[in-house]
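Okay, work_26.txt is below, compact mmCIF, C-alpha atoms:
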```txt
# COMPACT_ATOMS: atom_id res chain seq x y z
CA MET A 1 -31.64 -36.88 1.62
CA VAL A 2 -30.93 -33.23 2.46
CA SER A 3 -34.21 -31.30 2.52
CA GLY A 4 -35.61 -28.07 3.88
CA GLN A 5 -39.04 -29.55 4.56
CA ASN A 6 -40.44 -28.56 7.98
CA ARG A 7 -37.66 -25.97 8.44
CA THR A 8 -38.32 -22.25 8.89
CA PHE A 9 -35.31 -19.94 8.61
CA LEU A 10 -35.28 -16.42 9.99
CA PHE A 11 -32.54 -14.18 8.58
CA LEU A 12 -31.22 -11.25 10.60
CA GLN A 13 -28.48 -8.87 9.39
CA GLY A 14 -26.05 -10.12 6.78
CA PRO A 15 -23.02 -8.95 4.83
CA HIS A 16 -23.59 -5.90 2.64
CA GLY A 17 -24.99 -6.90 -0.72
CA PRO A 18 -27.29 -9.62 -2.11
CA PHE A 19 -25.75 -12.76 -0.58
CA PHE A 20 -28.45 -13.37 2.04
CA SER A 21 -31.19 -12.89 -0.56
CA ARG A 22 -29.54 -15.42 -2.90
CA LEU A 23 -29.07 -17.87 -0.04
CA ALA A 24 -32.73 -17.57 0.95
CA LYS A 25 -33.84 -18.28 -2.61
CA MET A 26 -31.90 -21.54 -2.62
CA LEU A 27 -33.25 -22.56 0.79
CA ARG A 28 -36.76 -22.05 -0.55
CA ALA A 29 -35.89 -24.22 -3.53
CA ALA A 30 -34.88 -26.91 -1.02
CA GLY A 31 -38.35 -26.76 0.53
CA ALA A 32 -37.73 -24.45 3.49
CA THR A 33 -39.79 -21.46 4.59
CA VAL A 34 -37.75 -18.25 4.86
CA TRP A 35 -38.32 -14.91 6.61
CA ARG A 36 -36.12 -11.86 7.02
CA VAL A 37 -36.09 -9.14 9.67
CA SER A 38 -35.01 -5.76 8.31
CA PHE A 39 -33.64 -3.23 10.78
CA ASN A 40 -33.05 -0.44 8.26
CA ALA A 41 -33.50 0.55 4.63
CA GLY A 42 -30.22 -1.13 3.65
CA ASP A 43 -31.39 -4.50 4.93
CA ALA A 44 -34.69 -4.13 3.09
CA PHE A 45 -33.11 -2.99 -0.20
CA PHE A 46 -30.93 -6.08 -0.59
CA TRP A 47 -33.77 -8.49 0.25
CA ARG A 48 -35.59 -9.14 -3.00
CA ASP A 49 -38.72 -10.89 -1.64
CA GLY A 50 -40.89 -8.26 -0.01
CA ASN A 51 -43.53 -10.80 1.02
CA SER A 52 -41.11 -12.47 3.45
CA LEU A 53 -39.75 -9.24 4.93
CA ILE A 54 -40.52 -8.36 8.56
CA PRO A 55 -39.57 -4.72 9.24
CA TYR A 56 -38.49 -4.02 12.79
CA ARG A 57 -39.15 -0.37 13.56
CA GLY A 58 -39.10 -0.52 17.34
CA ALA A 59 -36.51 0.60 19.83
CA ALA A 60 -33.45 -1.48 20.63
CA VAL A 61 -34.68 -2.17 24.17
CA ASP A 62 -37.82 -3.84 22.77
CA TRP A 63 -36.02 -6.09 20.29
CA ALA A 64 -35.64 -9.15 22.53
CA ALA A 65 -39.39 -9.33 23.19
CA ARG A 66 -40.24 -8.81 19.51
CA PHE A 67 -37.74 -11.47 18.47
CA ALA A 68 -39.32 -14.02 20.83
CA THR A 69 -42.74 -13.21 19.33
CA ILE A 70 -41.46 -13.71 15.78
CA LEU A 71 -39.94 -17.06 16.70
CA ARG A 72 -43.25 -18.23 18.14
CA GLU A 73 -45.56 -16.83 15.45
CA LYS A 74 -43.52 -18.06 12.49
CA GLY A 75 -42.51 -21.40 14.02
CA VAL A 76 -38.84 -20.60 13.44
CA THR A 77 -36.46 -23.57 13.58
CA ASP A 78 -33.28 -21.79 12.44
CA ILE A 79 -31.86 -18.28 12.54
CA VAL A 80 -29.17 -17.01 10.15
CA LEU A 81 -26.88 -14.05 10.83
CA TYR A 82 -23.55 -12.46 9.96
CA GLY A 83 -21.38 -11.91 13.03
CA ASP A 84 -22.64 -12.79 16.49
CA THR A 85 -21.49 -9.87 18.66
CA ARG A 86 -23.59 -6.87 17.62
CA ARG A 87 -26.31 -6.30 20.22
CA ILE A 88 -29.31 -7.44 18.18
CA HIS A 89 -27.51 -10.62 17.19
CA ALA A 90 -26.11 -11.40 20.62
CA GLU A 91 -29.60 -11.12 22.15
CA ALA A 92 -31.08 -13.25 19.36
CA VAL A 93 -28.44 -15.97 19.74
CA ARG A 94 -29.02 -16.25 23.49
CA ALA A 95 -32.79 -16.45 23.09
CA ALA A 96 -32.61 -18.91 20.19
CA GLN A 97 -30.28 -21.25 22.03
CA ASP A 98 -32.52 -21.19 25.11
CA LEU A 99 -35.42 -22.30 22.91
CA GLY A 100 -33.49 -24.94 20.97
CA VAL A 101 -33.49 -22.92 17.72
CA LEU A 102 -30.48 -23.66 15.52
CA VAL A 103 -28.09 -20.72 15.02
CA HIS A 104 -26.22 -20.40 11.71
CA VAL A 105 -23.37 -17.87 11.81
CA PHE A 106 -21.49 -16.49 8.81
CA GLU A 107 -18.25 -14.56 9.07
CA GLU A 108 -15.34 -13.50 6.92
CA GLY A 109 -13.03 -16.43 6.36
CA TYR A 110 -10.63 -17.57 9.05
CA LEU A 111 -8.55 -18.46 6.00
CA ARG A 112 -8.70 -15.64 3.47
CA PRO A 113 -9.28 -14.40 0.84
CA TYR A 114 -11.12 -17.13 -1.10
CA TRP A 115 -12.89 -18.69 1.85
CA VAL A 116 -15.71 -17.60 4.15
CA THR A 117 -16.63 -19.04 7.53
CA TYR A 118 -19.81 -20.97 8.30
CA GLU A 119 -20.38 -22.23 11.85
CA ARG A 120 -23.21 -23.00 14.21
CA GLY A 121 -23.71 -21.38 17.58
CA GLY A 122 -20.98 -18.72 17.33
CA SER A 123 -17.85 -17.53 15.58
CA ASN A 124 -14.44 -16.11 16.48
CA GLY A 125 -14.19 -16.08 20.28
CA HIS A 126 -17.50 -17.97 20.51
CA SER A 127 -16.50 -20.64 17.99
CA ARG A 128 -16.26 -24.31 18.84
CA LEU A 129 -12.68 -24.07 17.59
CA MET A 130 -11.77 -22.23 20.79
CA THR A 131 -12.11 -25.45 22.80
CA LEU A 132 -11.00 -27.97 20.20
CA LYS A 133 -7.42 -29.10 20.72
CA VAL A 134 -5.05 -29.77 17.85
CA ALA A 135 -4.71 -33.38 18.97
CA GLN A 136 -8.48 -33.82 18.58
CA MET A 137 -8.32 -32.34 15.09
CA GLN A 138 -5.47 -34.64 14.11
CA LYS A 139 -7.45 -37.65 15.30
CA THR A 140 -10.48 -36.57 13.27
CA LEU A 141 -8.35 -36.01 10.18
CA ALA A 142 -7.10 -39.59 10.17
CA LYS A 143 -9.74 -40.49 7.56
CA ALA A 144 -9.78 -37.20 5.63
CA GLU A 145 -7.73 -36.17 2.61
CA LEU A 146 -7.39 -32.73 1.02
CA ASP A 147 -4.78 -31.07 -1.14
CA MET A 148 -4.23 -27.70 0.51
CA PRO A 149 -3.67 -24.87 -1.99
CA GLU A 150 -1.35 -21.96 -1.37
CA PRO A 151 -3.28 -18.98 0.00
CA PRO A 152 -3.91 -16.35 -2.70
CA ALA A 153 -2.04 -13.10 -2.20
CA HIS A 154 -5.01 -10.77 -2.66
CA TRP A 155 -8.46 -10.22 -1.14
CA GLY A 156 -10.48 -11.18 -4.21
CA ASP A 157 -13.58 -8.93 -4.13
CA MET A 158 -12.46 -5.77 -2.37
CA ARG A 159 -14.02 -3.35 -4.85
CA GLN A 160 -17.43 -5.01 -4.58
CA HIS A 161 -17.12 -5.02 -0.78
CA VAL A 162 -16.48 -1.27 -0.68
CA PHE A 163 -19.20 -0.58 -3.28
CA TYR A 164 -21.91 -2.48 -1.41
CA GLY A 165 -20.83 -0.81 1.82
CA ALA A 166 -21.26 2.62 0.20
CA VAL A 167 -24.72 1.70 -1.17
CA TYR A 168 -25.83 0.33 2.20
CA HIS A 169 -24.76 3.37 4.20
CA GLY A 170 -26.10 5.71 1.53
CA LEU A 171 -29.54 4.11 1.95
CA LEU A 172 -29.30 4.47 5.73
CA MET A 173 -28.50 8.15 5.34
CA LEU A 174 -30.99 9.05 2.59
CA ALA A 175 -33.87 6.57 2.76
CA ASN A 176 -34.18 5.39 6.35
CA ARG A 177 -37.23 7.38 7.46
CA GLY A 178 -39.21 4.19 8.04
CA TYR A 179 -36.67 3.01 10.61
CA ARG A 180 -36.22 6.05 12.84
CA ASN A 181 -35.29 3.94 15.87
CA PHE A 182 -32.44 2.14 14.12
CA GLN A 183 -29.12 2.42 15.95
CA PRO A 184 -25.90 1.37 14.16
CA HIS A 185 -23.81 -1.18 16.04
CA ARG A 186 -20.76 1.06 15.61
CA ALA A 187 -19.99 4.36 17.30
CA MET A 188 -20.01 6.51 14.16
CA THR A 189 -23.17 7.97 12.69
CA VAL A 190 -24.54 6.64 9.41
CA ALA A 191 -23.57 9.88 7.64
CA GLN A 192 -20.00 9.57 8.89
CA GLU A 193 -19.82 5.94 7.74
CA PHE A 194 -21.18 6.90 4.31
CA ARG A 195 -18.68 9.73 3.89
CA LEU A 196 -15.83 7.38 4.74
CA TYR A 197 -16.94 4.85 2.12
CA ILE A 198 -17.28 7.56 -0.55
CA LYS A 199 -13.92 9.05 0.41
CA ARG A 200 -12.28 5.66 0.12
CA LEU A 201 -13.80 5.04 -3.31
CA LEU A 202 -12.63 8.45 -4.58
CA LEU A 203 -9.14 8.14 -3.12
CA MET A 204 -8.46 4.60 -4.31
CA PRO A 205 -5.88 5.67 -6.96
CA TRP A 206 -3.95 7.81 -4.44
CA LEU A 207 -4.16 5.13 -1.76
CA TRP A 208 -2.84 2.59 -4.25
CA ALA A 209 0.15 4.79 -5.10
CA ASP A 210 0.91 5.46 -1.43
CA ARG A 211 0.74 1.72 -0.69
CA VAL A 212 2.99 0.77 -3.59
CA ILE A 213 5.66 3.29 -2.56
CA ALA A 214 5.59 2.25 1.10
CA THR A 215 5.76 -1.45 0.20
CA TRP A 216 8.65 -0.81 -2.18
CA ARG A 217 10.61 0.97 0.55
CA VAL A 218 10.22 -1.99 2.87
CA LYS A 219 10.92 -4.68 0.29
CA TYR A 220 14.06 -3.01 -1.00
CA GLY A 221 15.23 -1.42 2.24
CA GLY A 222 17.66 -4.26 2.92
CA PHE A 223 16.84 -4.42 6.66
CA PRO A 224 15.36 -7.24 8.78
CA TYR A 225 11.84 -6.36 9.87
CA HIS A 226 8.95 -7.54 12.01
CA LEU A 227 5.37 -7.16 10.83
CA ALA A 228 2.47 -5.84 12.94
CA LEU A 229 -0.90 -6.80 11.47
CA LEU A 230 -3.49 -4.12 12.20
CA GLN A 231 -7.25 -4.55 12.38
CA LEU A 232 -10.26 -2.28 12.18
CA GLU A 233 -10.78 -0.74 15.60
CA HIS A 234 -14.55 -1.10 15.22
CA ASP A 235 -14.35 -4.75 14.17
CA SER A 236 -16.13 -7.16 16.51
CA SER A 237 -13.06 -9.39 16.93
CA PHE A 238 -11.06 -6.42 18.20
CA GLN A 239 -13.83 -4.98 20.37
CA GLU A 240 -15.13 -8.21 21.90
CA HIS A 241 -12.16 -10.56 21.98
CA SER A 242 -9.09 -8.44 22.76
CA PRO A 243 -7.55 -6.79 25.86
CA PHE A 244 -7.36 -3.38 24.14
CA ALA A 245 -10.08 -0.73 24.09
CA THR A 246 -8.47 1.20 21.21
CA MET A 247 -6.02 0.52 18.43
CA THR A 248 -3.72 3.20 19.89
CA GLU A 249 -3.27 1.02 22.99
CA PHE A 250 -2.11 -1.84 20.79
CA LEU A 251 0.23 0.44 18.82
CA ALA A 252 1.79 1.69 22.05
CA THR A 253 2.32 -1.83 23.37
CA VAL A 254 3.96 -3.05 20.17
CA ILE A 255 6.25 -0.05 19.73
CA ASP A 256 7.33 -0.20 23.37
CA GLY A 257 8.14 -3.92 23.07
CA PHE A 258 10.01 -3.34 19.83
CA ALA A 259 12.04 -0.43 21.22
CA THR A 260 12.92 -2.47 24.31
CA GLY A 261 13.76 -5.85 22.82
CA ALA A 262 14.45 -5.75 19.08
CA PRO A 263 18.05 -5.56 17.79
CA THR A 264 18.88 -1.99 16.85
CA HIS A 265 19.28 -2.83 13.15
CA HIS A 266 15.78 -4.36 12.94
CA HIS A 267 12.72 -2.44 11.71
CA LEU A 268 9.00 -2.64 12.49
CA VAL A 269 6.33 -2.48 9.76
CA PHE A 270 2.67 -1.78 10.57
CA LYS A 271 0.36 -3.20 7.90
CA ALA A 272 -3.13 -1.65 7.85
CA HIS A 273 -6.30 -3.66 7.29
CA PRO A 274 -7.42 -3.61 3.61
CA LEU A 275 -10.65 -1.83 4.61
CA GLU A 276 -9.03 0.76 6.87
CA ASP A 277 -10.92 4.00 6.17
CA GLY A 278 -9.09 6.60 8.23
CA ARG A 279 -11.50 6.92 11.15
CA VAL A 280 -8.49 6.22 13.39
CA PRO A 281 -5.38 8.35 12.56
CA LEU A 282 -3.07 5.34 12.50
CA ARG A 283 -0.17 6.91 10.63
CA ARG A 284 -0.11 9.92 12.93
CA GLU A 285 -0.30 7.78 16.08
CA ILE A 286 2.45 5.45 14.85
CA ARG A 287 4.75 8.37 14.07
CA ARG A 288 4.10 9.96 17.45
CA LEU A 289 4.70 6.77 19.43
CA ALA A 290 7.79 5.83 17.42
CA ARG A 291 9.24 9.29 17.96
CA ASP A 292 8.54 9.13 21.69
CA HIS A 293 10.40 5.80 21.92
CA GLY A 294 13.34 6.95 19.81
CA VAL A 295 12.71 4.51 16.93
CA ALA A 296 11.09 6.82 14.35
CA ALA A 297 13.62 5.92 11.64
CA ARG A 298 12.92 2.19 12.08
CA VAL A 299 9.12 2.16 12.04
CA HIS A 300 7.03 2.07 8.85
CA TYR A 301 3.34 2.15 7.91
CA VAL A 302 1.80 0.43 4.86
CA ARG A 303 -1.82 0.97 3.79
CA GLY A 304 -3.46 -2.41 3.07
CA GLY A 305 -2.29 -4.17 -0.07
CA LYS A 306 -0.97 -7.67 -0.59
CA LEU A 307 0.16 -9.21 2.66
CA ALA A 308 2.22 -11.89 0.91
CA GLN A 309 4.68 -9.31 -0.43
CA LEU A 310 5.55 -8.26 3.12
CA LEU A 311 5.41 -11.71 4.71
CA ASP A 312 7.88 -13.15 2.23
CA HIS A 313 10.73 -11.27 3.93
CA ALA A 314 9.45 -10.75 7.49
CA ARG A 315 11.21 -12.18 10.56
CA SER A 316 8.05 -12.44 12.69
CA ALA A 317 4.56 -11.01 13.09
CA VAL A 318 2.44 -9.65 15.92
CA THR A 319 -1.30 -8.96 16.04
CA VAL A 320 -4.29 -8.71 18.34
CA ASN A 321 -6.30 -11.50 16.71
CA SER A 322 -6.34 -10.78 12.96
CA THR A 323 -7.30 -13.63 10.66
CA ALA A 324 -4.37 -12.54 8.49
CA ALA A 325 -2.17 -14.27 11.07
CA GLN A 326 -3.17 -17.55 9.41
CA GLN A 327 -0.92 -16.58 6.50
CA VAL A 328 1.90 -15.95 8.97
CA LEU A 329 1.55 -19.45 10.40
CA TRP A 330 1.23 -20.99 6.94
CA ARG A 331 4.71 -19.66 6.20
CA GLY A 332 6.09 -20.98 9.48
CA LEU A 333 6.88 -17.51 10.85
CA PRO A 334 6.90 -16.75 14.60
CA LEU A 335 3.64 -15.19 15.75
CA LYS A 336 2.61 -13.27 18.87
CA VAL A 337 -1.11 -12.61 19.57
CA PHE A 338 -2.82 -10.67 22.35
CA GLY A 339 -6.51 -11.48 21.95
CA ASP A 340 -8.72 -14.54 21.68
CA ALA A 341 -8.45 -16.20 18.29
CA VAL A 342 -9.42 -19.56 16.84
CA TYR A 343 -5.79 -20.17 15.84
CA ALA A 344 -4.27 -19.17 19.21
CA LYS A 345 -3.16 -22.70 20.03
CA PRO A 346 -0.05 -23.33 22.14
CA GLU A 347 1.48 -25.26 19.24
CA PHE A 348 1.47 -22.15 17.02
CA VAL A 349 1.56 -18.95 19.05
CA SER A 350 4.48 -17.66 21.09
CA THR A 351 4.00 -17.24 24.83
CA GLN A 352 7.10 -15.02 25.15
CA GLN A 353 6.94 -11.49 26.53
CA LEU A 354 6.97 -9.00 23.67
CA PRO A 355 10.56 -7.68 24.12
CA GLU A 356 11.87 -11.25 24.21
CA PHE A 357 9.74 -12.12 21.18
CA PHE A 358 11.26 -9.31 19.15
CA ALA A 359 14.74 -10.33 20.31
CA ARG A 360 14.52 -14.10 19.71
CA PRO A 361 11.05 -15.17 18.50
CA SER A 362 10.09 -18.83 18.90
CA ARG A 363 8.83 -20.59 15.80
CA PRO A 364 5.48 -22.39 15.49
CA ASP A 365 5.05 -26.13 15.05
CA SER A 366 4.47 -26.02 11.30
CA ARG A 367 3.41 -29.66 11.03
CA ALA A 368 0.71 -29.14 13.68
CA TYR A 369 -0.45 -25.96 11.95
CA ARG A 370 -0.82 -27.79 8.64
CA ASP A 371 -3.09 -30.29 10.37
CA TYR A 372 -5.08 -27.42 11.91
CA ARG A 373 -5.44 -25.71 8.54
CA HIS A 374 -6.42 -29.02 6.96
CA PHE A 375 -9.15 -29.41 9.59
CA LEU A 376 -10.56 -25.95 8.88
CA LEU A 377 -10.63 -26.53 5.14
CA GLU A 378 -12.57 -29.74 5.72
CA THR A 379 -15.10 -28.09 8.02
CA SER A 380 -15.99 -24.41 8.46
CA GLN A 381 -14.03 -22.79 5.61
CA LEU A 382 -15.95 -22.65 2.33
CA ALA A 383 -14.55 -21.58 -1.02
CA GLY A 384 -16.17 -18.41 -2.34
CA GLY A 385 -17.10 -14.95 -1.11
CA PHE A 386 -20.02 -12.72 -0.11
CA TYR A 387 -19.48 -9.77 -2.42
CA SER A 388 -18.55 -10.74 -5.98
CA SER A 389 -21.04 -12.65 -8.14
CA ARG A 390 -18.61 -15.49 -8.89
CA GLY A 391 -17.67 -15.74 -5.21
CA ARG A 392 -21.35 -16.05 -4.27
CA ARG A 393 -21.93 -18.73 -6.89
CA GLN A 394 -19.04 -20.75 -5.54
CA LEU A 395 -20.22 -20.41 -1.96
CA LEU A 396 -23.85 -21.31 -2.62
CA ARG A 397 -22.86 -24.55 -4.31
CA GLN A 398 -21.96 -25.99 -0.94
CA VAL A 399 -23.30 -24.00 1.98
CA VAL A 400 -27.02 -24.78 1.61
CA ASP A 401 -26.46 -28.52 2.00
CA MET A 402 -24.31 -27.81 5.06
CA MET A 403 -27.04 -25.67 6.63
CA LEU A 404 -29.65 -28.38 6.06
CA ALA A 405 -27.43 -31.17 7.35
CA PRO A 406 -28.18 -32.55 10.84
CA GLU A 407 -24.58 -32.07 12.04
CA ASP A 408 -22.52 -28.90 12.21
CA PRO A 409 -19.34 -28.85 10.05
CA TYR A 410 -17.11 -30.13 12.86
CA GLU A 411 -19.44 -32.96 13.88
CA ALA A 412 -19.94 -33.97 10.24
CA LEU A 413 -16.21 -34.52 9.76
CA GLN A 414 -15.93 -36.42 13.04
CA LYS A 415 -18.82 -38.71 12.05
CA GLY A 416 -17.59 -39.15 8.48
CA THR A 417 -20.69 -37.55 6.92
CA ALA A 418 -19.05 -34.35 5.61
CA ALA A 419 -19.44 -33.79 1.88
CA PRO A 420 -16.29 -33.60 -0.28
CA ARG A 421 -14.91 -30.08 -0.53
CA GLN A 422 -14.83 -27.95 -3.66
CA GLN A 423 -11.56 -26.91 -5.16
CA LEU A 424 -10.45 -23.33 -4.59
CA ARG A 425 -10.77 -22.31 -8.25
CA LEU A 426 -13.54 -19.76 -8.69
CA VAL A 427 -15.94 -20.86 -11.39
CA LYS A 428 -16.91 -18.04 -13.74
```
Show me this structure written as structure tokens.
Amino acid sequence: MVSGQNRTFLFLQGPHGPFFSRLAKMLRAAGATVWRVSFNAGDAFFWRDGNSLIPYRGAAVDWAARFATILREKGVTDIVLYGDTRRIHAEAVRAAQDLGVLVHVFEEGYLRPYWVTYERGGSNGHSRLMTLKVAQMQKTLAKAELDMPEPPAHWGDMRQHVFYGAVYHGLLMLANRGYRNFQPHRAMTVAQEFRLYIKRLLLMPWLWADRVIATWRVKYGGFPYHLALLQLEHDSSFQEHSPFATMTEFLATVIDGFATGAPTHHHLVFKAHPLEDGRVPLRREIRRLARDHGVAARVHYVRGGKLAQLLDHARSAVTVNSTAAQQVLWRGLPLKVFGDAVYAKPEFVSTQQLPEFFARPSRPDSRAYRDYRHFLLETSQLAGGFYSSRGRRQLLRQVVDMMLAPEDPYEALQKGTAAPRQQLRLVK
């Protein structure tokens, strides 16, 4: 029987919004004790049980010692966090693992948009998937069955994501006096982050029109094109698991490879991340680099939007380590990656130099990728989302039992103890 008896969970920072609070409520219902460390007013606001809140008001350099004290005083058996690379989380993960405390890590879905990622120990470049070979996955799948749905062509809860982000950063800017030592894990100030969220909310109609026009020009341009999948420069996957320090470095590499190797009638389309907020002048940098390489008329920029519309006619795709590349592989398109990624297996990803890739890209082993995708859907990928209410309901139906289980998602499938998966359909 799955039970939370004799388990004490300590929550650190989570996705913007009420997901962590809802998850804690269900863990308590399962018999577990739950605590939450708040590092700022935004953390505290979205945590509905004030009696279990532990405000941390100290300096960043003192966090490791305070964390160790909390673990000891509360008898913590498990910690729960969203993303494992920000400083406070990285220090907590190292300390917890040294003490034998179980680490539960949530992330955006490796398969998006209607899945999120749940793993133990680490995610992205720290995930167990980094060392698992496709052959091992295929062996494990011998006893598993799952009908794999087509990936939806839209994010699912983008408006809620942006809204909760604006509320969170607004609280940090206007109501954070009790946490004067708080330091954001990103380079921008809280006020700058807040202004970007508000600007994005206000400009959504204009951004939509700009995106539609740019997508239309590509779709009906009648030219072969390659797709470059952009990421947020401040995202942990880009900062911690890639060879580039800035997005401009990646842009320069791609445009140089395209100008050198691609046939002269081919075009290059840069697709921005759906949450791109303008802190990096991508359009300006792309235009400058394309002009310098003599390919300005063949290079395009599209703000966010539905990736499927562009993938349906693309010849290949290139990225640092975006999770959107999973949709590329699902369609059997050639893919070139530069950073560490859970899907960067030799069966899927091209090892060609970039000019050669643009000239004659090698295709992935689609059968092997289907097995890989199947394995993810049976293990760490859970239907639902963090930000919309129906997405949270869908996610909570399954994730609590997985957190209380003795095995992590990958071990559970290997041992034959994994619970049957929910269907993709979001229950209203």
Selected residue of minimal separation from Gly384 (chain A) among A:Val116, A:Val254, A:Ala30, A:Leu53, counting all atoms listed in the file: A:Val116
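Atom pair CA of Pro113 (chain A) / CA of Trp47 (chain A) has a distance of 25.2 Å (rounded to one decimal).
Each of A:Gln13, A:Thr131, A:Ser350, A:Ser389 was compared to Ala92 (chain A) using all atoms listed in the file, and A:Gln13 turns out to be the nearest.
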Please return, as a short mmCIF file (atom, residue, chain, number, x, y, z; two decimals) with C-alpha atoms, in the frame of the given file, all polymer residues that have at least one atom within 10 Å of the point (-30.0, 4.9, 1.5); use all atoms listed in the file and the file's own coordinate frame.
```
data_model
loop_
_atom_site.label_atom_id
_atom_site.label_comp_id
_atom_site.auth_asym_id
_atom_site.auth_seq_id
_atom_site.Cartn_x
_atom_site.Cartn_y
_atom_site.Cartn_z
CA ASN A 40 -33.05 -0.44 8.26
CA ALA A 41 -33.50 0.55 4.63
CA GLY A 42 -30.22 -1.13 3.65
CA PHE A 45 -33.11 -2.99 -0.20
CA ALA A 166 -21.26 2.62 0.20
CA VAL A 167 -24.72 1.70 -1.17
CA TYR A 168 -25.83 0.33 2.20
CA HIS A 169 -24.76 3.37 4.20
CA GLY A 170 -26.10 5.71 1.53
CA LEU A 171 -29.54 4.11 1.95
CA LEU A 172 -29.30 4.47 5.73
CA MET A 173 -28.50 8.15 5.34
CA LEU A 174 -30.99 9.05 2.59
CA ALA A 175 -33.87 6.57 2.76
CA ASN A 176 -34.18 5.39 6.35
CA ARG A 177 -37.23 7.38 7.46
CA VAL A 190 -24.54 6.64 9.41
CA PHE A 194 -21.18 6.90 4.31
#
```
List as a Markdown table every residue of region 227-262 of chain A that is in contact with region 292-297 of chain A, defined as an atom at most 10 Å from one of its atoms (using only C-alpha atoms), together with the nearest atom pair and the distance in Å rounded to one decimal, sorted by chain and then rising number.
```
| residue | atom | partner | partner_atom | distance |
| --- | --- | --- | --- | --- |
| A:Ala252 | CA | A:His293 | CA | 9.5 |
| A:Ile255 | CA | A:His293 | CA | 7.5 |
| A:Asp256 | CA | A:His293 | CA | 6.9 |
| A:Phe258 | CA | A:Val295 | CA | 8.8 |
| A:Ala259 | CA | A:His293 | CA | 6.5 |
| A:Thr260 | CA | A:His293 | CA | 9.0 |
```
Residue neighbourhood Pro409 (chain A), 12 Å, only C-alpha atoms, exclusion window fewer than 4 positions, as an mmCIF file with C-alpha atoms, keeping the file's coordinate frame:
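Done, and the output landed in selection_11.cif:
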```
data_model
loop_
_atom_site.group_PDB
_atom_site.id
_atom_site.type_symbol
_atom_site.label_atom_id
_atom_site.label_comp_id
_atom_site.auth_asym_id
_atom_site.auth_seq_id
_atom_site.Cartn_x
_atom_site.Cartn_y
_atom_site.Cartn_z
ATOM 1 C CA HIS A 104 -26.220 -20.400 11.710
ATOM 2 C CA VAL A 105 -23.370 -17.870 11.810
ATOM 3 C CA THR A 117 -16.630 -19.040 7.530
ATOM 4 C CA TYR A 118 -19.810 -20.970 8.300
ATOM 5 C CA GLU A 119 -20.380 -22.230 11.850
ATOM 6 C CA ARG A 120 -23.210 -23.000 14.210
ATOM 7 C CA GLY A 121 -23.710 -21.380 17.580
ATOM 8 C CA SER A 127 -16.500 -20.640 17.990
ATOM 9 C CA ARG A 128 -16.260 -24.310 18.840
ATOM 10 C CA LEU A 129 -12.680 -24.070 17.590
ATOM 11 C CA PHE A 375 -9.150 -29.410 9.590
ATOM 12 C CA LEU A 376 -10.560 -25.950 8.880
ATOM 13 C CA LEU A 377 -10.630 -26.530 5.140
ATOM 14 C CA GLU A 378 -12.570 -29.740 5.720
ATOM 15 C CA THR A 379 -15.100 -28.090 8.020
ATOM 16 C CA SER A 380 -15.990 -24.410 8.460
ATOM 17 C CA GLN A 381 -14.030 -22.790 5.610
ATOM 18 C CA LEU A 382 -15.950 -22.650 2.330
ATOM 19 C CA GLN A 398 -21.960 -25.990 -0.940
ATOM 20 C CA VAL A 399 -23.300 -24.000 1.980
ATOM 21 C CA ASP A 401 -26.460 -28.520 2.000
ATOM 22 C CA MET A 402 -24.310 -27.810 5.060
ATOM 23 C CA MET A 403 -27.040 -25.670 6.630
ATOM 24 C CA LEU A 404 -29.650 -28.380 6.060
ATOM 25 C CA ALA A 405 -27.430 -31.170 7.350
ATOM 26 C CA LEU A 413 -16.210 -34.520 9.760
ATOM 27 C CA GLN A 414 -15.930 -36.420 13.040
ATOM 28 C CA LYS A 415 -18.820 -38.710 12.050
ATOM 29 C CA GLY A 416 -17.590 -39.150 8.480
ATOM 30 C CA THR A 417 -20.690 -37.550 6.920
ATOM 31 C CA ALA A 418 -19.050 -34.350 5.610
ATOM 32 C CA ALA A 419 -19.440 -33.790 1.880
ATOM 33 C CA PRO A 420 -16.290 -33.600 -0.280
ATOM 34 C CA ARG A 421 -14.910 -30.080 -0.530
#
```
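Closest to Val299 (chain A) among A:Ile54, A:Val320, A:Ala228, A:Ala314 is A:Ala228, based on all atoms listed in the file.
In this model, the gap between CA of Gly305 (chain A) and CA of Leu230 (chain A) comes to 12.3 Å.
Considering the residues A:Thr246, A:Gln239, A:Gln5, A:Thr264 and counting all atoms listed in the file, Leu27 (chain A) has its shortest atom-to-atom contact with A:Gln5.
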Distance in Å - CA of Arg291 (chain A) versus CA of Gly261 (chain A): 16.5 Å
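Restricting the calculation to only C-alpha atoms, the smallest distance between Val302 (chain A) and any of A:Asn51, A:Thr215, A:Gln326, A:Ser362 is found for A:Thr215.
Residue nearest Asn124 (chain A) within the list A:Gln97, A:Asn181, A:Ser242, A:Thr319: A:Ser242 [criterion: smallest interatomic distance, only C-alpha atoms].
The protein and nucleic acid residues lying at most 10 Å from Gly14 (chain A) are Phe11, Leu12, His16, Gly17, Pro18, Phe19, Phe20, Ser21, Asp43, Phe46, Val80, Leu81, Tyr82, Gly83, Val105, Phe106, Glu107 and Phe386 of chain A, with only C-alpha atoms considered and sequence neighbours fewer than 2 positions away removed.
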Box for region 297-307 of chain A: with edges along x, y and z, all listed atoms inside and 4 Å added on each side, what are the centre and edge lengths in Å to one decimal, as lines of an AutoDock Vina configuration file?
```
center_x = 5.1
center_y = -1.6
center_z = 5.7
size_x = 25.1
size_y = 23.1
size_z = 20.7
```
Residue neighbourhood Arg86 (chain A), 8 Å, only C-alpha atoms, exclusion window fewer than 3 positions, as a PyMOL selection string: chain A and resi 83+89-90+185+236
